[in-house]
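Next comes protein13.pdb, with PDB, C-alpha atoms.
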```
ATOM      1  CA  MET A 112       8.131   6.828 -26.000  1.00  0.00           C
ATOM      2  CA  ASP A 113      11.651   5.546 -25.419  1.00  0.00           C
ATOM      3  CA  LEU A 114      11.955   6.042 -21.705  1.00  0.00           C
ATOM      4  CA  PRO A 115      13.738   3.754 -19.248  1.00  0.00           C
ATOM      5  CA  GLU A 116      11.358   1.076 -18.081  1.00  0.00           C
ATOM      6  CA  PRO A 117      10.798   2.064 -14.414  1.00  0.00           C
ATOM      7  CA  LEU A 118      10.145   5.690 -15.398  1.00  0.00           C
ATOM      8  CA  HIS A 119       7.667   4.551 -18.019  1.00  0.00           C
ATOM      9  CA  ASP A 120       5.831   2.368 -15.486  1.00  0.00           C
ATOM     10  CA  PHE A 121       5.854   5.118 -12.874  1.00  0.00           C
ATOM     11  CA  LEU A 122       4.329   7.612 -15.317  1.00  0.00           C
ATOM     12  CA  LEU A 123       1.722   5.053 -16.343  1.00  0.00           C
ATOM     13  CA  VAL A 124       0.741   4.468 -12.720  1.00  0.00           C
ATOM     14  CA  ILE A 125       0.383   8.197 -12.081  1.00  0.00           C
ATOM     15  CA  LEU A 126      -1.650   8.784 -15.234  1.00  0.00           C
ATOM     16  CA  GLY A 127      -3.843   5.763 -14.581  1.00  0.00           C
ATOM     17  CA  SER A 128      -4.702   6.790 -11.050  1.00  0.00           C
ATOM     18  CA  CYS A 129      -5.384  10.364 -12.172  1.00  0.00           C
ATOM     19  CA  LEU A 130      -7.698   9.017 -14.876  1.00  0.00           C
ATOM     20  CA  VAL A 131      -9.517   6.733 -12.441  1.00  0.00           C
ATOM     21  CA  LEU A 132     -10.107   9.524  -9.939  1.00  0.00           C
ATOM     22  CA  GLY A 133     -11.087  12.013 -12.633  1.00  0.00           C
ATOM     23  CA  SER A 134     -13.634   9.726 -14.256  1.00  0.00           C
ATOM     24  CA  LEU A 135     -15.121   8.916 -10.843  1.00  0.00           C
ATOM     25  CA  GLY A 136     -15.407  12.659 -10.371  1.00  0.00           C
ATOM     26  CA  VAL A 137     -17.226  13.075 -13.689  1.00  0.00           C
ATOM     27  CA  VAL A 138     -19.861  10.542 -12.736  1.00  0.00           C
ATOM     28  CA  PHE A 139     -20.292  11.184  -9.027  1.00  0.00           C
ATOM     29  CA  PHE A 140     -20.012  14.947  -8.450  1.00  0.00           C
ATOM     30  CA  THR A 141     -23.408  16.559  -7.931  1.00  0.00           C
ATOM     31  CA  ASN A 142     -22.265  20.025  -8.942  1.00  0.00           C
ATOM     32  CA  PRO A 143     -22.050  19.957 -12.764  1.00  0.00           C
ATOM     33  CA  ILE A 144     -19.215  22.510 -12.860  1.00  0.00           C
ATOM     34  CA  PHE A 145     -16.986  20.176 -10.806  1.00  0.00           C
ATOM     35  CA  SER A 146     -18.005  17.406 -13.169  1.00  0.00           C
ATOM     36  CA  ALA A 147     -17.038  19.450 -16.234  1.00  0.00           C
ATOM     37  CA  PHE A 148     -13.618  20.372 -14.829  1.00  0.00           C
ATOM     38  CA  SER A 149     -13.032  16.777 -13.880  1.00  0.00           C
ATOM     39  CA  LEU A 150     -13.788  15.856 -17.481  1.00  0.00           C
ATOM     40  CA  GLY A 151     -11.119  18.375 -18.521  1.00  0.00           C
ATOM     41  CA  LEU A 152      -8.622  16.633 -16.230  1.00  0.00           C
ATOM     42  CA  VAL A 153      -9.536  13.264 -17.754  1.00  0.00           C
ATOM     43  CA  LEU A 154      -9.007  14.583 -21.285  1.00  0.00           C
ATOM     44  CA  VAL A 155      -5.581  16.062 -20.430  1.00  0.00           C
ATOM     45  CA  CYS A 156      -4.523  12.758 -18.813  1.00  0.00           C
ATOM     46  CA  ILE A 157      -5.623  10.869 -21.913  1.00  0.00           C
ATOM     47  CA  SER A 158      -3.527  13.213 -24.044  1.00  0.00           C
ATOM     48  CA  LEU A 159      -0.445  12.492 -21.898  1.00  0.00           C
ATOM     49  CA  PHE A 160      -1.195   8.787 -22.233  1.00  0.00           C
ATOM     50  CA  TYR A 161      -1.148   9.198 -25.995  1.00  0.00           C
ATOM     51  CA  ILE A 162       2.301  10.811 -25.763  1.00  0.00           C
ATOM     52  CA  LEU A 163       3.515   7.772 -23.834  1.00  0.00           C
ATOM     53  CA  SER A 164       2.101   5.583 -26.623  1.00  0.00           C
ATOM     54  CA  ASN A 165       4.233   7.208 -29.343  1.00  0.00           C
ATOM     55  CA  SER A 166       1.164   8.871 -30.895  1.00  0.00           C
ATOM     56  CA  HIS A 167       2.198  12.481 -30.793  1.00  0.00           C
ATOM     57  CA  PHE A 168      -0.181  13.761 -33.464  1.00  0.00           C
ATOM     58  CA  VAL A 169      -3.241  12.249 -31.805  1.00  0.00           C
ATOM     59  CA  ALA A 170      -2.080  13.687 -28.484  1.00  0.00           C
ATOM     60  CA  ALA A 171      -1.848  17.178 -29.963  1.00  0.00           C
ATOM     61  CA  ALA A 172      -5.197  16.791 -31.747  1.00  0.00           C
ATOM     62  CA  GLN A 173      -6.822  15.551 -28.537  1.00  0.00           C
ATOM     63  CA  LEU A 174      -5.448  18.476 -26.544  1.00  0.00           C
ATOM     64  CA  LEU A 175      -6.494  21.005 -29.153  1.00  0.00           C
ATOM     65  CA  ILE A 176      -9.932  19.675 -30.048  1.00  0.00           C
ATOM     66  CA  TYR A 177     -11.146  17.931 -26.931  1.00  0.00           C
ATOM     67  CA  VAL A 178      -9.798  20.159 -24.193  1.00  0.00           C
ATOM     68  CA  GLY A 179      -9.726  23.337 -26.261  1.00  0.00           C
ATOM     69  CA  ALA A 180     -13.083  23.113 -28.006  1.00  0.00           C
ATOM     70  CA  ILE A 181     -15.315  20.342 -26.669  1.00  0.00           C
ATOM     71  CA  ASN A 182     -14.641  20.933 -22.987  1.00  0.00           C
ATOM     72  CA  VAL A 183     -15.215  24.668 -23.442  1.00  0.00           C
ATOM     73  CA  LEU A 184     -18.505  23.915 -25.236  1.00  0.00           C
ATOM     74  CA  ILE A 185     -19.591  21.677 -22.380  1.00  0.00           C
ATOM     75  CA  LEU A 186     -18.671  24.404 -19.906  1.00  0.00           C
ATOM     76  CA  PHE A 187     -20.810  26.840 -21.913  1.00  0.00           C
ATOM     77  CA  ALA A 188     -23.719  24.413 -21.744  1.00  0.00           C
ATOM     78  CA  VAL A 189     -23.235  23.933 -17.998  1.00  0.00           C
ATOM     79  CA  MET A 190     -23.023  27.656 -17.273  1.00  0.00           C
ATOM     80  CA  PHE A 191     -26.159  28.492 -19.251  1.00  0.00           C
ATOM     81  CA  MET A 192     -28.319  25.961 -17.480  1.00  0.00           C
ATOM     82  CA  ASN A 193     -29.893  26.812 -14.192  1.00  0.00           C
ATOM     83  CA  GLY A 194     -28.244  24.888 -11.387  1.00  0.00           C
ATOM     84  CA  SER A 195     -30.917  25.159  -8.751  1.00  0.00           C
ATOM     85  CA  GLU A 196     -32.406  21.711  -9.219  1.00  0.00           C
ATOM     86  CA  TYR A 197     -29.317  19.548  -8.951  1.00  0.00           C
ATOM     87  CA  HIS A 198     -29.001  19.009  -5.235  1.00  0.00           C
ATOM     88  CA  GLN A 199     -32.586  18.150  -4.538  1.00  0.00           C
ATOM     89  CA  ASP A 200     -32.930  14.547  -5.510  1.00  0.00           C
ATOM     90  CA  PHE A 201     -29.560  12.859  -5.644  1.00  0.00           C
ATOM     91  CA  HIS A 202     -29.832   9.279  -4.469  1.00  0.00           C
ATOM     92  CA  LEU A 203     -26.501   7.508  -4.263  1.00  0.00           C
ATOM     93  CA  PHE A 204     -27.870   4.066  -5.075  1.00  0.00           C
ATOM     94  CA  THR A 205     -30.925   3.734  -7.257  1.00  0.00           C
ATOM     95  CA  VAL A 206     -32.291   0.515  -8.688  1.00  0.00           C
ATOM     96  CA  GLY A 207     -31.280   1.469 -12.225  1.00  0.00           C
ATOM     97  CA  GLY A 208     -27.815   2.437 -11.038  1.00  0.00           C
ATOM     98  CA  GLY A 209     -27.389  -0.908  -9.292  1.00  0.00           C
ATOM     99  CA  ILE A 210     -28.412  -2.914 -12.345  1.00  0.00           C
ATOM    100  CA  THR A 211     -26.115  -0.859 -14.576  1.00  0.00           C
ATOM    101  CA  LEU A 212     -23.274  -1.345 -12.112  1.00  0.00           C
ATOM    102  CA  MET A 213     -23.715  -5.110 -12.203  1.00  0.00           C
ATOM    103  CA  GLY A 214     -23.828  -5.077 -15.975  1.00  0.00           C
ATOM    104  CA  CYS A 215     -20.708  -2.948 -16.335  1.00  0.00           C
ATOM    105  CA  THR A 216     -18.483  -4.718 -13.849  1.00  0.00           C
ATOM    106  CA  LYS A 217     -19.034  -8.369 -14.613  1.00  0.00           C
ATOM    107  CA  SER A 218     -15.497  -8.927 -15.897  1.00  0.00           C
ATOM    108  CA  PRO A 219     -13.853 -12.306 -15.168  1.00  0.00           C
TER     109      PRO A 219
ATOM    110  CA  MET B 799       2.578  -4.223 -19.883  1.00  0.00           C
ATOM    111  CA  MET B 800       1.588  -1.289 -22.007  1.00  0.00           C
ATOM    112  CA  LEU B 801      -1.000  -3.215 -24.026  1.00  0.00           C
ATOM    113  CA  GLU B 802      -2.936  -4.541 -21.043  1.00  0.00           C
ATOM    114  CA  ASP B 803      -2.721  -1.149 -19.346  1.00  0.00           C
ATOM    115  CA  GLY B 804      -4.262   0.591 -22.327  1.00  0.00           C
ATOM    116  CA  LEU B 805      -7.008  -1.990 -22.784  1.00  0.00           C
ATOM    117  CA  VAL B 806      -7.956  -2.116 -19.115  1.00  0.00           C
ATOM    118  CA  LEU B 807      -8.014   1.682 -18.975  1.00  0.00           C
ATOM    119  CA  SER B 808     -10.226   1.798 -22.065  1.00  0.00           C
ATOM    120  CA  ALA B 809     -12.623  -0.818 -20.655  1.00  0.00           C
ATOM    121  CA  TYR B 810     -12.801   0.997 -17.343  1.00  0.00           C
ATOM    122  CA  LEU B 811     -13.568   4.372 -18.927  1.00  0.00           C
ATOM    123  CA  PHE B 812     -16.153   2.806 -21.255  1.00  0.00           C
ATOM    124  CA  SER B 813     -18.030   1.025 -18.473  1.00  0.00           C
ATOM    125  CA  LEU B 814     -17.872   4.103 -16.242  1.00  0.00           C
ATOM    126  CA  GLY B 815     -19.225   6.199 -19.107  1.00  0.00           C
ATOM    127  CA  ILE B 816     -22.150   3.831 -19.606  1.00  0.00           C
ATOM    128  CA  TYR B 817     -22.698   3.693 -15.855  1.00  0.00           C
ATOM    129  CA  GLY B 818     -22.852   7.475 -15.724  1.00  0.00           C
ATOM    130  CA  LEU B 819     -24.920   7.861 -18.880  1.00  0.00           C
ATOM    131  CA  ILE B 820     -27.848   5.541 -18.197  1.00  0.00           C
ATOM    132  CA  PRO B 821     -29.256   6.794 -14.850  1.00  0.00           C
ATOM    133  CA  SER B 822     -28.348  10.453 -15.347  1.00  0.00           C
ATOM    134  CA  ARG B 823     -31.282  12.825 -15.259  1.00  0.00           C
ATOM    135  CA  ASN B 824     -29.287  15.873 -16.286  1.00  0.00           C
ATOM    136  CA  MET B 825     -28.729  16.228 -20.015  1.00  0.00           C
ATOM    137  CA  VAL B 826     -25.334  17.906 -19.752  1.00  0.00           C
ATOM    138  CA  ARG B 827     -24.012  15.093 -17.556  1.00  0.00           C
ATOM    139  CA  ALA B 828     -25.227  12.624 -20.182  1.00  0.00           C
ATOM    140  CA  LEU B 829     -23.238  14.514 -22.824  1.00  0.00           C
ATOM    141  CA  MET B 830     -20.134  14.416 -20.614  1.00  0.00           C
ATOM    142  CA  CYS B 831     -20.443  10.655 -20.124  1.00  0.00           C
ATOM    143  CA  LEU B 832     -20.838  10.262 -23.873  1.00  0.00           C
ATOM    144  CA  GLU B 833     -17.506  12.057 -24.319  1.00  0.00           C
ATOM    145  CA  LEU B 834     -15.984   9.607 -21.822  1.00  0.00           C
ATOM    146  CA  ILE B 835     -17.229   6.684 -23.930  1.00  0.00           C
ATOM    147  CA  LEU B 836     -15.782   8.126 -27.147  1.00  0.00           C
ATOM    148  CA  ASN B 837     -12.440   8.755 -25.462  1.00  0.00           C
ATOM    149  CA  ALA B 838     -12.347   5.182 -24.207  1.00  0.00           C
ATOM    150  CA  VAL B 839     -12.785   3.957 -27.779  1.00  0.00           C
ATOM    151  CA  ASN B 840      -9.986   6.289 -28.878  1.00  0.00           C
ATOM    152  CA  ILE B 841      -7.606   4.915 -26.239  1.00  0.00           C
ATOM    153  CA  ASN B 842      -8.342   1.429 -27.507  1.00  0.00           C
ATOM    154  CA  PHE B 843      -7.576   2.372 -31.095  1.00  0.00           C
ATOM    155  CA  VAL B 844      -4.352   4.189 -30.234  1.00  0.00           C
ATOM    156  CA  THR B 845      -3.107   1.363 -27.976  1.00  0.00           C
ATOM    157  CA  PHE B 846      -3.609  -1.246 -30.675  1.00  0.00           C
ATOM    158  CA  SER B 847      -2.066   1.001 -33.285  1.00  0.00           C
ATOM    159  CA  ASP B 848       1.007   1.552 -31.123  1.00  0.00           C
ATOM    160  CA  PHE B 849       1.451  -2.129 -30.498  1.00  0.00           C
ATOM    161  CA  PHE B 850       0.699  -3.773 -33.822  1.00  0.00           C
ATOM    162  CA  ASP B 851       0.900  -1.156 -36.556  1.00  0.00           C
ATOM    163  CA  SER B 852       3.927   1.073 -36.070  1.00  0.00           C
ATOM    164  CA  ARG B 853       4.370   1.368 -39.843  1.00  0.00           C
ATOM    165  CA  GLN B 854       1.020   2.537 -41.173  1.00  0.00           C
ATOM    166  CA  LEU B 855      -0.747   3.850 -38.023  1.00  0.00           C
ATOM    167  CA  LYS B 856      -4.225   2.926 -39.208  1.00  0.00           C
ATOM    168  CA  GLY B 857      -5.639   3.052 -35.679  1.00  0.00           C
ATOM    169  CA  ASN B 858      -4.346   6.585 -35.177  1.00  0.00           C
ATOM    170  CA  ILE B 859      -5.998   7.739 -38.392  1.00  0.00           C
ATOM    171  CA  PHE B 860      -9.328   6.256 -37.400  1.00  0.00           C
ATOM    172  CA  SER B 861      -9.110   7.842 -33.972  1.00  0.00           C
ATOM    173  CA  ILE B 862      -8.811  11.225 -35.721  1.00  0.00           C
ATOM    174  CA  PHE B 863     -12.127  10.404 -37.408  1.00  0.00           C
ATOM    175  CA  VAL B 864     -13.660   9.575 -34.033  1.00  0.00           C
ATOM    176  CA  ILE B 865     -12.397  12.883 -32.610  1.00  0.00           C
ATOM    177  CA  ALA B 866     -13.992  14.741 -35.517  1.00  0.00           C
ATOM    178  CA  ILE B 867     -17.327  12.961 -34.996  1.00  0.00           C
ATOM    179  CA  ALA B 868     -17.206  13.693 -31.273  1.00  0.00           C
ATOM    180  CA  ALA B 869     -16.575  17.369 -32.012  1.00  0.00           C
ATOM    181  CA  ALA B 870     -19.582  17.554 -34.346  1.00  0.00           C
ATOM    182  CA  GLU B 871     -21.779  15.800 -31.804  1.00  0.00           C
ATOM    183  CA  ALA B 872     -20.534  18.058 -29.023  1.00  0.00           C
ATOM    184  CA  ALA B 873     -21.589  21.017 -31.113  1.00  0.00           C
ATOM    185  CA  ILE B 874     -25.085  19.659 -31.766  1.00  0.00           C
ATOM    186  CA  GLY B 875     -25.738  18.312 -28.257  1.00  0.00           C
ATOM    187  CA  PRO B 876     -25.572  21.536 -26.231  1.00  0.00           C
ATOM    188  CA  ALA B 877     -27.524  23.323 -28.985  1.00  0.00           C
ATOM    189  CA  ILE B 878     -30.390  20.847 -28.575  1.00  0.00           C
ATOM    190  CA  VAL B 879     -30.107  20.994 -24.788  1.00  0.00           C
ATOM    191  CA  SER B 880     -30.188  24.775 -24.701  1.00  0.00           C
ATOM    192  CA  SER B 881     -33.202  24.969 -27.013  1.00  0.00           C
ATOM    193  CA  ILE B 882     -35.054  22.429 -24.856  1.00  0.00           C
ATOM    194  CA  TYR B 883     -34.056  24.431 -21.789  1.00  0.00           C
ATOM    195  CA  ARG B 884     -35.370  27.602 -23.347  1.00  0.00           C
ATOM    196  CA  ASN B 885     -38.711  25.935 -24.019  1.00  0.00           C
ATOM    197  CA  ARG B 886     -39.150  23.869 -20.893  1.00  0.00           C
ATOM    198  CA  LYS B 887     -37.105  25.777 -18.272  1.00  0.00           C
ATOM    199  CA  SER B 888     -35.518  22.532 -16.954  1.00  0.00           C
ATOM    200  CA  THR B 889     -32.981  19.974 -18.127  1.00  0.00           C
ATOM    201  CA  ARG B 890     -34.444  16.738 -16.859  1.00  0.00           C
ATOM    202  CA  ILE B 891     -34.208  13.994 -19.461  1.00  0.00           C
ATOM    203  CA  ASN B 892     -37.596  12.492 -18.693  1.00  0.00           C
ATOM    204  CA  GLN B 893     -39.343  15.709 -19.621  1.00  0.00           C
ATOM    205  CA  SER B 894     -38.272  15.791 -23.269  1.00  0.00           C
ATOM    206  CA  ASN B 895     -41.083  13.574 -24.560  1.00  0.00           C
ATOM    207  CA  LEU B 896     -42.311  15.569 -27.521  1.00  0.00           C
ATOM    208  CA  LEU B 897     -42.018  12.537 -29.799  1.00  0.00           C
ATOM    209  CA  ASN B 898     -44.268  10.494 -27.562  1.00  0.00           C
ATOM    210  CA  ASN B 899     -47.987  10.381 -27.869  1.00  0.00           C
TER     211      ASN B 899
END
```
Hey, can you dump this file as C-alpha cells for me?
Amino acid sequence: MDLPEPLHDFLLVILGSCLVLGSLGVVFFTNPIFSAFSLGLVLVCISLFYILSNSHFVAAAQLLIYVGAINVLILFAVMFMNGSEYHQDFHLFTVGGGITLMGCTKSP
Amino acid sequence: MMLEDGLVLSAYLFSLGIYGLIPSRNMVRALMCLELILNAVNINFVTFSDFFDSRQLKGNIFSIFVIAIAAAEAAIGPAIVSSIYRNRKSTRINQSNLLNN
C-alpha cells in the first residue's frame, strides 16, 4: 500500500505484535474457546497484513473464507466437544514440548 | 524492511504452529495449530509475490489454492473429530488407535 513510510512501519509493528500475542494465545490457553477466538484474531491480523502488502484480493478471500467459514467451523467443533477434561492435566513444560521448542527455535 | 518482516512473521507462525501441534492432546487444538501453519505458508507466498512479482502475482494465485485446500481440510477435520467423539466420548489424540493392532 502506498502509505508514508513511518505510518507503514507503525502499522506493521502493531500488526506484528498483535499476531505474536494472538498466536501465543492459540497455543497456550487451556480453555479451547479462548484459543479459538485468539485464532480468529490472528486470522484478521493476517488479513490486514495482506492489505499492507498490496494483495487486496487475497485479503478479502482470507477474511471471507478463513474468518467467516473456517473459524466458525472450528468454533462449532469446540462447542460440541465436552470441555470437562481440559484443565486436569496441563503441564506447562513437558519433555516433548521442550524438545519441540529447541527444534523450532534454533535460528541463527 | 517489508520483506524481512513478512518472512520472519511467517517463520515465527510456522514454528509456533508446529510447537503447538506436536504435544497437543486435544484434537481441536491440533486442527487450530494446523490452520496456523497453513496461514504462515500463505504469508510467505504473498510476501514474495508482493516483492518480486508485481506483474503476474503468481504467489497470490497459489495462496488462493492453499486457502481452498485449508477450507476443505477444515471441513473434514471436525467431522472426523466429532465422529470419534461420538464413539469414544473423549477427544484425546492418543485414544484414536483403531488402525493399530
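Atom CA of Leu123 of chain A is positioned 22.9 Å from atom CA of Ile862 of chain B.
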- line: Restricting to all atoms listed in the file, whichever of B:Ile878, B:Glu871, B:Thr845, B:Ser861 is closest to Asp803 of chain B is B:Thr845
query: Quick one: which residues from chain A are at most 7 Å off chain B, using only C-alpha atoms, as a count of residues only?
result: 12
- prompt: Between B:Gln854, B:Val864, B:Arg886, B:Ile874, which one has atoms that come closest to Ile176 of chain A, using only C-alpha atoms?
  reply: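 Ranking B:Gln854, B:Val864, B:Arg886, B:Ile874 by distance to Ile176 of chain A, first place goes to B:Val864.
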- request: Step by step, work through what the PyMOL selection byres ((chain A and resi 132) around 12) selects in the shown file, and finish by giving those residues as JSON, numbers by chain.
  value: {"A": [125, 126, 127, 128, 129, 130, 131, 133, 134, 135, 136, 137, 138, 139, 140, 146, 149, 150, 152, 153, 156], "B": [810, 811, 814]}
Emit segment 158-195 of chain A of the structure in the block as a file comprising C-alpha atoms, as a CSV table (one decimal), in the first residue's frame.
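After the write, part-v5.csv holds the following:
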```csv
chain,number,residue,atom,x,y,z
A,158,SER,CA,-5.8,-10.2,6.5
A,159,LEU,CA,-4.8,-6.7,7.4
A,160,PHE,CA,-1.2,-7.6,6.7
A,161,TYR,CA,-2.2,-8.7,3.3
A,162,ILE,CA,-3.8,-5.3,2.7
A,163,LEU,CA,-0.5,-3.7,3.6
A,164,SER,CA,1.2,-6.0,1.1
A,165,ASN,CA,-0.9,-4.7,-1.9
A,166,SER,CA,-2.7,-8.0,-2.1
A,167,HIS,CA,-6.3,-6.9,-1.7
A,168,PHE,CA,-8.0,-9.9,-3.3
A,169,VAL,CA,-6.2,-12.4,-1.0
A,170,ALA,CA,-7.0,-10.2,2.0
A,171,ALA,CA,-10.7,-10.3,1.1
A,172,ALA,CA,-10.6,-14.0,0.4
A,173,GLN,CA,-8.8,-14.6,3.7
A,174,LEU,CA,-11.4,-12.6,5.6
A,175,LEU,CA,-14.3,-14.3,3.9
A,176,ILE,CA,-13.1,-17.9,3.9
A,177,TYR,CA,-10.8,-18.2,6.9
A,178,VAL,CA,-12.6,-16.0,9.5
A,179,GLY,CA,-16.1,-16.4,8.0
A,180,ALA,CA,-16.1,-20.1,7.4
A,181,ILE,CA,-13.1,-22.0,8.9
A,182,ASN,CA,-13.1,-20.2,12.2
A,183,VAL,CA,-16.8,-20.7,12.6
A,184,LEU,CA,-16.3,-24.4,11.8
A,185,ILE,CA,-13.6,-24.6,14.5
A,186,LEU,CA,-15.9,-22.9,16.9
A,187,PHE,CA,-18.6,-25.5,16.1
A,188,ALA,CA,-16.2,-28.3,16.8
A,189,VAL,CA,-15.1,-26.7,20.1
A,190,MET,CA,-18.6,-26.1,21.3
A,191,PHE,CA,-19.7,-29.7,20.5
A,192,MET,CA,-16.9,-31.3,22.5
A,193,ASN,CA,-17.2,-31.7,26.2
A,194,GLY,CA,-14.8,-29.4,28.0
A,195,SER,CA,-14.6,-31.1,31.3
```
